[in-house]
file entry.cif (mmCIF, C-alpha atoms)
data_model
#
loop_
_atom_site.label_atom_id
_atom_site.label_comp_id
_atom_site.auth_asym_id
_atom_site.auth_seq_id
_atom_site.Cartn_x
_atom_site.Cartn_y
_atom_site.Cartn_z
CA MET A 161 0.00 0.00 0.00
CA LYS A 162 2.79 2.42 0.79
CA ILE A 163 4.32 1.91 -2.63
CA ILE A 164 0.99 2.53 -4.29
CA HIS A 165 0.54 5.71 -2.30
CA VAL A 166 3.96 7.01 -3.29
CA VAL A 167 3.33 6.36 -6.98
CA PHE A 168 -0.07 8.03 -6.74
CA ILE A 169 1.41 11.14 -5.11
CA LEU A 170 4.14 11.38 -7.74
CA PHE A 171 1.48 11.14 -10.44
CA LEU A 172 -0.51 13.98 -8.90
CA ILE A 173 2.59 16.12 -8.61
CA SER A 174 3.84 15.58 -12.14
CA TRP A 175 0.50 15.75 -14.01
CA PRO A 176 -0.22 19.49 -13.53
CA VAL A 177 3.35 20.40 -14.56
CA CYS A 178 2.92 18.67 -17.92
CA SER A 179 -0.48 20.26 -18.43
CA MET A 180 0.79 23.76 -17.67
CA ALA A 181 3.71 23.28 -20.05
CA GLN A 182 1.28 22.35 -22.82
CA ILE A 183 -1.05 25.27 -22.09
CA GLU A 184 1.86 27.69 -22.03
CA HIS A 185 2.79 26.77 -25.60
CA GLU A 186 -0.69 26.72 -27.09
CA GLU A 187 -2.01 29.57 -29.24
CA PRO A 188 -4.63 31.55 -27.28
CA VAL A 189 -8.26 31.26 -28.33
CA THR A 190 -9.61 34.32 -30.14
CA LEU A 191 -12.37 36.14 -28.26
CA GLY A 192 -15.79 35.03 -29.48
CA ILE A 193 -18.64 37.18 -30.76
CA GLY A 194 -20.85 38.30 -27.87
CA GLN A 195 -18.14 37.96 -25.25
CA PRO A 196 -17.26 40.94 -23.04
CA ALA A 197 -14.09 42.94 -23.64
CA PRO A 198 -11.32 41.81 -21.26
CA ASP A 199 -10.06 44.71 -19.19
CA PHE A 200 -6.46 45.90 -19.34
CA ASN A 201 -4.13 48.40 -17.74
CA LEU A 202 -1.49 49.35 -20.29
CA LYS A 203 0.97 52.18 -20.74
CA GLY A 204 0.60 54.32 -23.85
CA THR A 205 3.30 56.05 -25.85
CA ASP A 206 2.13 59.29 -24.22
CA GLY A 207 3.15 57.95 -20.80
CA ARG A 208 -0.44 57.53 -19.58
CA PHE A 209 -2.04 54.26 -18.49
CA TYR A 210 -5.26 53.14 -20.17
CA SER A 211 -8.00 50.68 -19.21
CA LEU A 212 -11.49 49.95 -20.52
CA ASN A 213 -12.77 52.64 -18.20
CA SER A 214 -10.65 55.19 -20.10
CA PHE A 215 -13.11 54.75 -22.98
CA SER A 216 -16.31 54.49 -20.92
CA LYS A 217 -18.09 57.21 -22.93
CA ALA A 218 -17.45 55.55 -26.30
CA LYS A 219 -20.49 54.29 -28.22
CA VAL A 220 -18.15 51.89 -29.99
CA LEU A 221 -14.70 50.76 -28.94
CA VAL A 222 -12.26 49.44 -31.53
CA VAL A 223 -9.21 47.54 -30.30
CA ILE A 224 -6.54 46.75 -32.89
CA PHE A 225 -3.52 44.57 -32.21
CA SER A 226 -0.64 45.73 -34.38
CA ALA A 227 3.16 46.03 -34.49
CA ASN A 228 5.87 48.44 -35.58
CA HIS A 229 7.88 45.90 -37.54
CA CYS A 230 5.19 44.12 -39.54
CA PRO A 231 4.93 45.18 -43.22
CA THR A 232 1.20 44.38 -43.28
CA ALA A 233 0.62 46.42 -40.14
CA GLN A 234 2.57 49.33 -41.63
CA ALA A 235 0.46 49.10 -44.79
CA TYR A 236 -2.66 49.77 -42.69
CA GLU A 237 -1.36 52.60 -40.50
CA ASP A 238 -2.74 55.43 -42.63
CA ARG A 239 -6.11 53.68 -42.93
CA ILE A 240 -6.34 53.30 -39.16
CA ILE A 241 -5.51 56.99 -38.74
CA ALA A 242 -8.23 57.88 -41.28
CA ILE A 243 -10.82 55.64 -39.60
CA THR A 244 -10.08 57.27 -36.24
CA ARG A 245 -10.41 60.74 -37.75
CA ASP A 246 -13.71 59.89 -39.49
CA TYR A 247 -15.40 58.07 -36.61
CA GLN A 248 -14.20 59.86 -33.50
CA PRO A 249 -16.85 62.61 -33.94
CA LYS A 250 -19.48 59.83 -33.97
CA GLY A 251 -18.47 58.59 -30.53
CA VAL A 252 -16.12 55.83 -31.69
CA HIS A 253 -12.85 55.40 -29.82
CA LEU A 254 -9.97 53.39 -31.27
CA VAL A 255 -6.97 52.03 -29.42
CA MET A 256 -4.00 50.13 -30.84
CA ILE A 257 -1.99 47.60 -28.82
CA SER A 258 1.47 46.16 -29.50
CA SER A 259 2.02 42.81 -27.79
CA ASN A 260 4.96 41.09 -29.49
CA ASP A 261 7.69 39.72 -27.23
CA ASN A 262 10.86 41.43 -28.42
CA GLN A 263 12.98 38.42 -27.43
CA ALA A 264 10.98 36.29 -29.87
CA LEU A 265 11.33 38.87 -32.66
CA ASN A 266 14.58 38.37 -34.56
CA LEU A 267 16.52 40.76 -36.77
CA SER A 268 15.64 38.93 -39.98
CA GLU A 269 12.00 39.83 -39.31
CA LEU A 270 12.87 43.54 -39.33
CA GLY A 271 13.65 43.68 -43.05
CA TYR A 272 10.62 45.86 -43.82
CA THR A 273 11.02 48.38 -41.04
CA ASP A 274 13.37 50.80 -39.32
CA LEU A 275 11.84 50.09 -35.90
CA GLY A 276 11.33 47.06 -33.71
CA ASP A 277 8.51 46.58 -31.20
CA THR A 278 10.07 47.96 -28.03
CA TYR A 279 8.22 50.62 -26.06
CA GLU A 280 10.85 53.22 -26.96
CA GLU A 281 10.47 52.44 -30.66
CA MET A 282 6.68 52.59 -30.36
CA ILE A 283 7.05 56.17 -29.14
CA ILE A 284 9.10 57.01 -32.23
CA ARG A 285 6.55 55.42 -34.59
CA ALA A 286 3.62 57.18 -32.90
CA LYS A 287 5.37 60.54 -33.34
CA ASP A 288 6.50 59.80 -36.91
CA LYS A 289 2.99 58.84 -38.01
CA LYS A 290 1.21 61.37 -35.77
CA TYR A 291 -1.11 58.72 -34.36
CA ASN A 292 -4.47 60.18 -33.33
CA PHE A 293 -5.28 57.26 -31.03
CA PRO A 294 -3.63 55.70 -27.95
CA TYR A 295 -0.85 53.21 -28.77
CA LEU A 296 -0.39 50.79 -25.87
CA TYR A 297 2.43 48.49 -24.81
CA ASP A 298 1.59 44.89 -23.84
CA SER A 299 4.88 43.12 -24.58
CA ASP A 300 6.21 42.48 -21.08
CA ASP A 301 3.64 39.87 -20.08
CA GLN A 302 1.28 39.79 -23.12
CA LYS A 303 -1.70 39.39 -20.78
CA THR A 304 -4.01 41.52 -22.92
CA ALA A 305 -3.11 39.69 -26.13
CA LEU A 306 -3.59 36.35 -24.39
CA ALA A 307 -7.07 37.47 -23.29
CA TYR A 308 -8.14 38.75 -26.73
CA GLY A 309 -6.37 36.13 -28.85
CA PRO A 310 -5.21 38.03 -31.95
CA VAL A 311 -3.80 35.69 -34.60
CA ALA A 312 -1.87 38.24 -36.69
CA THR A 313 -1.11 41.92 -36.98
CA PRO A 314 -3.22 43.88 -37.58
CA HIS A 315 -6.28 42.21 -35.99
CA ALA A 316 -9.34 44.34 -35.16
CA PHE A 317 -11.98 43.84 -32.44
CA VAL A 318 -15.15 45.98 -32.38
CA PHE A 319 -17.24 46.30 -29.18
CA ASP A 320 -20.63 47.93 -28.65
CA SER A 321 -21.52 50.35 -25.84
CA SER A 322 -21.93 47.46 -23.38
CA ARG A 323 -18.50 46.24 -24.48
CA LYS A 324 -19.73 43.03 -26.06
CA LEU A 325 -17.75 41.86 -29.08
CA LYS A 326 -19.61 42.46 -32.35
CA TYR A 327 -16.85 42.01 -34.93
CA GLU A 328 -13.33 40.60 -35.09
CA GLY A 329 -11.06 40.21 -38.07
CA ARG A 330 -9.42 42.17 -40.85
CA ILE A 331 -9.55 45.90 -41.57
CA ASP A 332 -10.11 45.25 -45.26
CA ALA A 333 -9.12 42.72 -47.91
CA GLN A 334 -6.54 44.85 -49.74
CA GLU A 335 -3.11 44.98 -48.13
CA LYS A 336 -1.44 47.36 -50.59
CA PRO A 337 -1.77 50.99 -49.44
CA GLY A 338 -4.23 52.94 -51.57
CA SER A 339 -6.11 49.84 -52.73
CA GLY A 340 -8.40 49.59 -49.70
CA HIS A 341 -9.98 52.05 -47.28
CA GLY A 342 -10.79 49.86 -44.30
CA GLU A 343 -14.14 48.76 -45.72
CA ASP A 344 -14.64 45.73 -43.45
CA LEU A 345 -13.87 47.63 -40.28
CA ARG A 346 -15.90 50.67 -41.38
CA ASN A 347 -18.90 48.48 -42.22
CA ALA A 348 -18.68 46.78 -38.82
CA ILE A 349 -18.49 50.12 -36.99
CA ASP A 350 -21.42 51.51 -38.98
CA ALA A 351 -23.54 48.48 -38.14
CA VAL A 352 -22.81 48.71 -34.42
CA LEU A 353 -23.56 52.45 -34.40
CA GLU A 354 -26.94 51.62 -35.94
CA GLY A 355 -27.62 48.96 -33.31
CA LYS A 356 -27.21 46.12 -35.81
CA ASN A 357 -24.99 43.05 -35.90
CA PRO A 358 -22.19 43.30 -38.47
CA SER A 359 -22.36 40.82 -41.32
CA PRO A 360 -20.04 39.06 -41.48
CA ALA A 361 -19.22 39.19 -37.79
CA THR A 362 -15.85 37.55 -38.27
CA THR A 363 -13.30 37.53 -41.07
CA LYS A 364 -9.94 35.86 -41.52
CA VAL A 365 -6.86 37.93 -40.76
CA PHE A 366 -3.74 38.13 -42.90
CA GLY A 367 -0.54 39.55 -41.51
CA CYS A 368 2.53 38.82 -39.37
CA SER A 369 2.16 36.11 -36.75
CA MET A 370 2.12 37.09 -33.10
CA LYS A 371 5.51 36.79 -31.44
CA TRP A 372 4.48 34.94 -28.29
CA SER A 373 7.00 34.71 -25.46
CA TRP A 374 7.45 30.96 -25.93
CA LYS A 375 8.44 31.36 -29.60
CA LYS A 376 12.12 32.11 -28.99
CA GLU A 377 13.60 28.84 -30.21
CA TYR A 378 13.78 29.87 -33.88
CA THR A 379 15.43 33.17 -32.98
CA GLU A 380 18.04 31.38 -30.87
CA GLN A 381 18.74 28.89 -33.67
CA LEU A 382 19.01 31.66 -36.26
CA TYR A 383 21.47 33.65 -34.16
CA LYS A 384 23.59 30.51 -33.63
CA LYS A 385 23.59 29.96 -37.39
CA TRP A 386 24.69 33.55 -38.02
CA ALA A 387 27.44 33.17 -35.41
CA SER A 388 28.76 30.09 -37.21
CA LEU A 389 28.98 31.71 -40.66
CA PRO A 390 32.53 32.20 -41.99
CA VAL A 391 34.12 35.62 -41.56
CA THR A 392 36.75 36.67 -44.07
CA VAL A 393 38.71 39.75 -45.11
CA ASN A 394 40.10 40.05 -48.62
CA GLU A 395 42.67 42.42 -50.06
CA ILE A 396 41.36 45.11 -52.35
CA SER A 397 43.15 47.51 -54.69
CA VAL A 398 42.15 50.98 -55.86
CA ASP A 399 40.60 49.49 -58.99
CA GLY A 400 38.68 47.00 -56.83
CA ILE A 401 37.32 49.82 -54.71
CA LYS A 402 36.24 51.73 -57.80
CA GLU A 403 34.37 48.63 -58.98
CA ILE A 404 32.56 48.31 -55.64
CA ILE A 405 31.52 51.97 -55.80
CA GLN A 406 30.25 51.52 -59.38
CA ASN A 407 27.86 48.92 -57.90
CA LYS A 408 26.97 46.83 -60.90
CA SER A 409 24.72 44.70 -58.69
CA LYS A 410 20.97 45.11 -58.34
CA LYS A 411 21.30 45.84 -54.66
CA LEU A 412 21.44 48.95 -52.50
CA ARG A 413 25.00 48.90 -51.18
CA LEU A 414 26.07 50.33 -47.81
CA ILE A 415 29.83 50.86 -47.61
CA ASN A 416 31.72 51.67 -44.41
CA VAL A 417 35.40 52.67 -44.43
CA TRP A 418 37.02 52.11 -41.06
CA ALA A 419 40.13 51.02 -39.12
CA THR A 420 40.83 49.04 -35.97
CA TRP A 421 42.80 51.97 -34.51
CA CYS A 422 39.80 54.31 -34.97
CA GLY A 423 37.73 54.39 -31.77
CA PRO A 424 34.49 55.72 -33.33
CA CYS A 425 34.85 53.12 -36.11
CA THR A 426 34.98 50.14 -33.77
CA MET A 427 32.30 51.60 -31.49
CA GLU A 428 29.75 51.94 -34.29
CA PHE A 429 30.60 48.72 -36.15
CA PRO A 430 27.99 46.62 -34.26
CA ASP A 431 25.31 48.95 -35.67
CA PHE A 432 26.33 47.93 -39.18
CA ILE A 433 26.07 44.24 -38.25
CA ILE A 434 22.53 44.81 -36.99
CA ILE A 435 21.63 46.70 -40.18
CA ASP A 436 23.15 43.93 -42.30
CA ARG A 437 21.15 41.24 -40.50
CA MET A 438 17.95 43.24 -40.79
CA TYR A 439 18.15 43.82 -44.54
CA ARG A 440 20.39 41.10 -45.95
CA GLY A 441 17.29 39.18 -47.04
CA ARG A 442 16.26 42.13 -49.20
CA ASP A 443 18.01 43.80 -52.18
CA PHE A 444 20.69 45.10 -49.85
CA GLU A 445 24.38 44.53 -49.20
CA PHE A 446 26.80 45.76 -46.54
CA VAL A 447 30.50 46.10 -47.38
CA SER A 448 33.31 47.12 -45.04
CA ILE A 449 36.72 48.40 -46.15
CA SER A 450 39.54 48.56 -43.59
CA THR A 451 42.27 51.15 -44.00
CA ASP A 452 44.61 49.27 -41.65
CA LYS A 453 48.08 48.49 -42.90
CA LEU A 454 48.15 45.20 -44.78
CA GLU A 455 50.52 43.69 -42.20
CA ASN A 456 47.71 44.11 -39.62
CA ARG A 457 45.33 41.90 -41.59
CA GLU A 458 45.10 39.31 -38.81
CA LYS A 459 44.18 42.00 -36.32
CA VAL A 460 41.44 43.17 -38.66
CA LEU A 461 40.18 39.62 -39.12
CA THR A 462 40.15 38.99 -35.37
CA PHE A 463 38.03 42.09 -34.84
CA LEU A 464 35.62 41.11 -37.61
CA LYS A 465 35.24 37.60 -36.20
CA GLY A 466 34.40 39.11 -32.84
CA GLN A 467 31.65 41.09 -34.56
CA GLN A 468 30.41 38.00 -36.48
CA ALA A 469 30.80 40.09 -39.63
CA SER A 470 29.86 37.52 -42.28
CA ASN A 471 29.33 40.26 -44.87
CA ASN A 472 31.91 41.20 -47.53
CA ASN A 473 34.98 42.66 -45.81
CA TYR A 474 38.07 44.13 -47.44
CA ILE A 475 41.43 45.56 -46.41
CA PHE A 476 43.18 48.09 -48.64
CA SER A 477 46.22 46.54 -50.30
CA GLY A 478 47.75 49.76 -51.60
CA SER A 479 50.29 52.05 -49.97
CA ASP A 480 48.76 55.40 -50.98
CA ILE A 481 45.78 56.12 -48.70
CA TYR A 482 44.90 59.21 -50.73
CA GLN A 483 44.23 57.04 -53.76
CA LEU A 484 41.76 55.09 -51.62
CA ILE A 485 40.04 58.30 -50.49
CA GLU A 486 39.65 59.49 -54.08
CA ALA A 487 38.42 56.07 -55.24
CA VAL A 488 35.74 55.88 -52.54
CA ASP A 489 34.36 59.40 -52.97
CA PRO A 490 36.04 62.57 -54.29
CA ASN A 491 33.87 64.51 -51.81
CA TRP A 492 35.43 62.68 -48.85
CA LYS A 493 38.06 64.76 -47.05
CA GLY A 494 39.64 61.69 -45.43
CA ALA A 495 38.53 61.49 -41.79
CA LEU A 496 37.39 58.12 -40.44
CA PRO A 497 34.88 56.59 -40.25
CA TYR A 498 33.25 57.31 -43.59
CA THR A 499 30.01 55.76 -44.84
CA ILE A 500 28.19 55.94 -48.15
CA LEU A 501 24.99 54.41 -49.51
CA VAL A 502 25.23 53.56 -53.19
CA GLU A 503 22.44 52.72 -55.60
CA PRO A 504 22.88 50.23 -58.45
CA GLY A 505 24.81 52.09 -61.12
CA GLY A 506 27.05 53.91 -58.66
CA LYS A 507 24.98 56.90 -57.55
CA ILE A 508 25.88 57.87 -53.98
CA VAL A 509 22.60 58.80 -52.28
CA TYR A 510 24.04 59.24 -48.78
CA ARG A 511 27.46 60.13 -47.44
CA GLN A 512 28.43 60.52 -43.80
CA PRO A 513 31.83 61.58 -42.46
CA GLY A 514 31.99 60.44 -38.85
CA THR A 515 29.63 58.02 -37.17
CA ILE A 516 26.15 57.33 -38.51
CA ASN A 517 22.82 57.72 -36.75
CA PRO A 518 21.60 54.09 -36.84
CA GLY A 519 17.91 55.03 -36.66
CA LYS A 520 18.18 57.49 -39.54
CA MET A 521 20.21 54.99 -41.57
CA LYS A 522 17.59 52.24 -41.15
CA LYS A 523 14.84 54.64 -42.14
CA LEU A 524 16.82 55.78 -45.17
CA ILE A 525 17.33 52.18 -46.28
CA VAL A 526 13.79 50.93 -45.75
CA GLU A 527 12.24 53.96 -47.43
CA HIS A 528 14.44 53.66 -50.50
CA PRO A 529 12.37 52.56 -53.55
CA LEU A 530 14.57 49.49 -53.96
CA ILE A 531 13.64 48.23 -50.48
CA GLY A 532 10.31 49.54 -49.17
CA ARG A 533 8.09 48.85 -46.16
CA TYR A 534 5.49 46.68 -47.87
CA PHE A 535 5.33 43.39 -49.75
#

call {"tool": "encode", "arguments": {"input": "entry.cif", "output": "structure tokens"}}
result
Amino acid sequence: MKIIHVVFILFLISWPVCSMAQIEHEEPVTLGIGQPAPDFNLKGTDGRFYSLNSFSKAKVLVVIFSANHCPTAQAYEDRIIAITRDYQPKGVHLVMISSNDNQALNLSELGYTDLGDTYEEMIIRAKDKKYNFPYLYDSDDQKTALAYGPVATPHAFVFDSSRKLKYEGRIDAQEKPGSGHGEDLRNAIDAVLEGKNPSPATTKVFGCSMKWSWKKEYTEQLYKKWASLPVTVNEISVDGIKEIIQNKSKKLRLINVWATWCGPCTMEFPDFIIIDRMYRGRDFEFVSISTDKLENREKVLTFLKGQQASNNNYIFSGSDIYQLIEAVDPNWKGALPYTILVEPGGKIVYRQPGTINPGKMKKLIVEHPLIGRYF
């Protein structure tokens, strides 16, 4: 009997642990039509905290789960702003919530944006786009997203005056900006304002998947893969540099001229690695050119390996540094670091003596016609 009791106790102890582990990794169930809006207490980009009570006077409350980084979400930003502007006078309040776990969001998923989904970056996006609605942060514990169950960004939920769900789904069926005007969401809001049930009450949602806190495994594997990629540095002559600047590729080419003995150069180099990993899946290429003496090639390579710089790296093989300066850009006076952004065909569209502003550089890249924010 004692043995049986011990086994039974062990079974009771271990069973809930397995169940909780399963629940933790399951996708949350999307809120059903007719269910009440789950309450929340979230910080907005304006520094204020918002709850359901903050919108108590609204005839209709629209909650949209979105994200800075997602190309689909970015494609709908102007439409959401327009819907807020058109319906706010009618007693409709709209709030947007960002819930992605930033640890589950990897750099390769930032290829269509200049901003990730951190609270600080949300503030920047809200100011850039002049959001006319509260933009709330839910990424630390994702409790609000778990309660509402969005499946992708953007995902809209429309509640009536008693805060019962009347519609959930897409904003409209046309992702490309200018091709849709938020028809599905507008129709749902109109119906609720008229005391009617939207038809359809639910629609499928297309967009970026939610980055739940338990979805970090792929990011960890990807970063390990990047860390294992070979890092090389090749010699390059003046003619080779001229060929790189001519940029006969079909890619936007970011070129950084640097040296290991240059403090600002080595301090900013990690920013270039981040930029490279964000956009290397697009029509983009990062190239570094070291001005170190050729006999210091191993020192250069050691530094690059420490940075996991698996991009194209070069070290100047010539003895006349002024020939290098002229080959890179006749407008360059020679101080390091020096960075240029070159279009296919060799047109320099950006030049920066000294260190770059990483945020401005990302925005410049993603808003270039060759790259873009949308699919």

call {"tool": "closest_atom_pairs", "arguments": {"input": "entry.cif", "of": "region 183-220 of chain A", "to": "region 354-373 of chain A", "cutoff": "12 Å", "atoms": "only C-alpha atoms", "output": "tab-separated table"}}
result
residue	atom	partner	partner_atom	distance
A:Glu184	CA	A:Ser373	CA	9.4
A:His185	CA	A:Trp372	CA	8.8
A:Glu186	CA	A:Trp372	CA	9.8
A:Glu187	CA	A:Trp372	CA	8.5
A:Pro188	CA	A:Trp372	CA	9.8
A:Thr190	CA	A:Thr362	CA	10.7
A:Leu191	CA	A:Thr362	CA	10.7
A:Gly192	CA	A:Thr362	CA	9.1
A:Ile193	CA	A:Ala361	CA	7.3
A:Gly194	CA	A:Ala361	CA	10.1
A:Lys219	CA	A:Gly355	CA	10.3
A:Val220	CA	A:Gly355	CA	10.5

call {"tool": "resolve_selection", "arguments": {"input": "entry.cif", "expression": "the PyMOL selection byres ((chain A and resi 395) around 9)", "output": "MDAnalysis selection string"}}
result
chainID A and resid 393:394 396:397 454 457 473:477

call {"tool": "closest_residue", "arguments": {"input": "entry.cif", "among": "A:Ala351, A:Met521, A:Ile257, A:Val398", "to": "Thr313 (chain A)", "atoms": "only C-alpha atoms"}}
result
A:Ile257

call {"tool": "resolve_selection", "arguments": {"input": "entry.cif", "expression": "the PyMOL selection byres ((chain A and resi 210) around 10)", "output": "PDB file with C-alpha atoms, in the frame of the given file"}}
result
ATOM      1  CA  ASP A 199     -10.060  44.710 -19.190  1.00  0.00           C
ATOM      2  CA  PHE A 200      -6.460  45.900 -19.340  1.00  0.00           C
ATOM      3  CA  ASN A 201      -4.130  48.400 -17.740  1.00  0.00           C
ATOM      4  CA  LEU A 202      -1.490  49.350 -20.290  1.00  0.00           C
ATOM      5  CA  LYS A 203       0.970  52.180 -20.740  1.00  0.00           C
ATOM      6  CA  GLY A 204       0.600  54.320 -23.850  1.00  0.00           C
ATOM      7  CA  GLY A 207       3.150  57.950 -20.800  1.00  0.00           C
ATOM      8  CA  ARG A 208      -0.440  57.530 -19.580  1.00  0.00           C
ATOM      9  CA  PHE A 209      -2.040  54.260 -18.490  1.00  0.00           C
ATOM     10  CA  SER A 211      -8.000  50.680 -19.210  1.00  0.00           C
ATOM     11  CA  LEU A 212     -11.490  49.950 -20.520  1.00  0.00           C
ATOM     12  CA  ASN A 213     -12.770  52.640 -18.200  1.00  0.00           C
ATOM     13  CA  SER A 214     -10.650  55.190 -20.100  1.00  0.00           C
ATOM     14  CA  PHE A 215     -13.110  54.750 -22.980  1.00  0.00           C
ATOM     15  CA  VAL A 255      -6.970  52.030 -29.420  1.00  0.00           C
ATOM     16  CA  PRO A 294      -3.630  55.700 -27.950  1.00  0.00           C
ATOM     17  CA  TYR A 295      -0.850  53.210 -28.770  1.00  0.00           C
ATOM     18  CA  LEU A 296      -0.390  50.790 -25.870  1.00  0.00           C
TER      19      LEU A 296
END

call {"tool": "closest_residue", "arguments": {"input": "entry.cif", "among": "A:Pro518, A:Gly400, A:Pro249, A:Pro196", "to": "Leu325 (chain A)", "atoms": "only C-alpha atoms"}}
result
A:Pro196

call {"tool": "resolve_selection", "arguments": {"input": "entry.cif", "expression": "the PyMOL selection byres ((chain A and resi 483-496) around 12)", "output": "PyMOL selection string"}}
result
chain A and resi 396-407+415-426+428+448-452+475-482+497-502+506-516

call {"tool": "closest_residue", "arguments": {"input": "entry.cif", "among": "A:Leu412, A:Val252, A:Ala469, A:Leu464", "to": "Ser216 (chain A)", "atoms": "all atoms listed in the file"}}
result
A:Val252

call {"tool": "closest_residue", "arguments": {"input": "entry.cif", "among": "A:Cys230, A:Ile240, A:Asp206, A:Lys465", "to": "His341 (chain A)", "atoms": "all atoms listed in the file"}}
result
A:Ile240

call {"tool": "decode", "arguments": {"input": "entry.cif", "residues": "region 354-375 of chain A", "atoms": "N, CA and C atoms", "output": "PDB file, in the first residue's frame"}}
result
ATOM      1  N   GLU A 354     -25.515  51.684 -35.602  1.00  0.00           N
ATOM      2  CA  GLU A 354     -26.939  51.620 -35.935  1.00  0.00           C
ATOM      3  C   GLU A 354     -27.691  50.591 -35.104  1.00  0.00           C
ATOM      4  N   GLY A 355     -26.982  49.958 -34.167  1.00  0.00           N
ATOM      5  CA  GLY A 355     -27.616  48.963 -33.307  1.00  0.00           C
ATOM      6  C   GLY A 355     -27.812  47.626 -33.986  1.00  0.00           C
ATOM      7  N   LYS A 356     -27.088  47.368 -35.059  1.00  0.00           N
ATOM      8  CA  LYS A 356     -27.210  46.124 -35.812  1.00  0.00           C
ATOM      9  C   LYS A 356     -25.981  45.245 -35.582  1.00  0.00           C
ATOM     10  N   ASN A 357     -26.113  43.975 -35.966  1.00  0.00           N
ATOM     11  CA  ASN A 357     -24.989  43.054 -35.900  1.00  0.00           C
ATOM     12  C   ASN A 357     -24.239  43.080 -37.229  1.00  0.00           C
ATOM     13  N   PRO A 358     -22.953  43.294 -37.214  1.00  0.00           N
ATOM     14  CA  PRO A 358     -22.188  43.300 -38.467  1.00  0.00           C
ATOM     15  C   PRO A 358     -22.317  41.970 -39.199  1.00  0.00           C
ATOM     16  N   SER A 359     -22.316  42.037 -40.509  1.00  0.00           N
ATOM     17  CA  SER A 359     -22.364  40.824 -41.324  1.00  0.00           C
ATOM     18  C   SER A 359     -21.353  40.957 -42.457  1.00  0.00           C
ATOM     19  N   PRO A 360     -20.312  40.133 -42.432  1.00  0.00           N
ATOM     20  CA  PRO A 360     -20.043  39.064 -41.478  1.00  0.00           C
ATOM     21  C   PRO A 360     -19.530  39.600 -40.142  1.00  0.00           C
ATOM     22  N   ALA A 361     -19.684  38.780 -39.113  1.00  0.00           N
ATOM     23  CA  ALA A 361     -19.224  39.189 -37.790  1.00  0.00           C
ATOM     24  C   ALA A 361     -17.754  38.843 -37.575  1.00  0.00           C
ATOM     25  N   THR A 362     -17.260  37.914 -38.354  1.00  0.00           N
ATOM     26  CA  THR A 362     -15.846  37.548 -38.267  1.00  0.00           C
ATOM     27  C   THR A 362     -15.268  37.399 -39.671  1.00  0.00           C
ATOM     28  N   THR A 363     -14.026  37.738 -39.823  1.00  0.00           N
ATOM     29  CA  THR A 363     -13.304  37.530 -41.075  1.00  0.00           C
ATOM     30  C   THR A 363     -11.920  36.991 -40.747  1.00  0.00           C
ATOM     31  N   LYS A 364     -11.304  36.345 -41.711  1.00  0.00           N
ATOM     32  CA  LYS A 364      -9.939  35.861 -41.516  1.00  0.00           C
ATOM     33  C   LYS A 364      -8.975  37.044 -41.538  1.00  0.00           C
ATOM     34  N   VAL A 365      -7.845  36.850 -40.892  1.00  0.00           N
ATOM     35  CA  VAL A 365      -6.864  37.925 -40.758  1.00  0.00           C
ATOM     36  C   VAL A 365      -5.543  37.509 -41.406  1.00  0.00           C
ATOM     37  N   PHE A 366      -5.038  38.362 -42.282  1.00  0.00           N
ATOM     38  CA  PHE A 366      -3.740  38.129 -42.904  1.00  0.00           C
ATOM     39  C   PHE A 366      -2.737  39.129 -42.355  1.00  0.00           C
ATOM     40  N   GLY A 367      -1.566  38.654 -42.013  1.00  0.00           N
ATOM     41  CA  GLY A 367      -0.535  39.547 -41.509  1.00  0.00           C
ATOM     42  C   GLY A 367       0.582  38.769 -40.851  1.00  0.00           C
ATOM     43  N   CYS A 368       1.404  39.452 -40.063  1.00  0.00           N
ATOM     44  CA  CYS A 368       2.526  38.817 -39.371  1.00  0.00           C
ATOM     45  C   CYS A 368       2.022  38.070 -38.143  1.00  0.00           C
ATOM     46  N   SER A 369       2.571  36.899 -37.908  1.00  0.00           N
ATOM     47  CA  SER A 369       2.160  36.114 -36.752  1.00  0.00           C
ATOM     48  C   SER A 369       2.542  36.819 -35.457  1.00  0.00           C
ATOM     49  N   MET A 370       1.791  36.534 -34.407  1.00  0.00           N
ATOM     50  CA  MET A 370       2.117  37.089 -33.096  1.00  0.00           C
ATOM     51  C   MET A 370       3.408  36.464 -32.586  1.00  0.00           C
ATOM     52  N   LYS A 371       4.244  37.271 -31.992  1.00  0.00           N
ATOM     53  CA  LYS A 371       5.507  36.790 -31.440  1.00  0.00           C
ATOM     54  C   LYS A 371       5.315  36.512 -29.952  1.00  0.00           C
ATOM     55  N   TRP A 372       4.745  35.324 -29.675  1.00  0.00           N
ATOM     56  CA  TRP A 372       4.477  34.938 -28.288  1.00  0.00           C
ATOM     57  C   TRP A 372       5.787  34.651 -27.558  1.00  0.00           C
ATOM     58  N   SER A 373       5.769  34.807 -26.252  1.00  0.00           N
ATOM     59  CA  SER A 373       6.996  34.711 -25.457  1.00  0.00           C
ATOM     60  C   SER A 373       7.662  33.341 -25.555  1.00  0.00           C
ATOM     61  N   TRP A 374       6.882  32.295 -25.865  1.00  0.00           N
ATOM     62  CA  TRP A 374       7.454  30.959 -25.929  1.00  0.00           C
ATOM     63  C   TRP A 374       8.038  30.649 -27.321  1.00  0.00           C
ATOM     64  N   LYS A 375       7.938  31.598 -28.246  1.00  0.00           N
ATOM     65  CA  LYS A 375       8.437  31.361 -29.599  1.00  0.00           C
ATOM     66  C   LYS A 375       9.837  31.961 -29.778  1.00  0.00           C
TER      67      LYS A 375
END
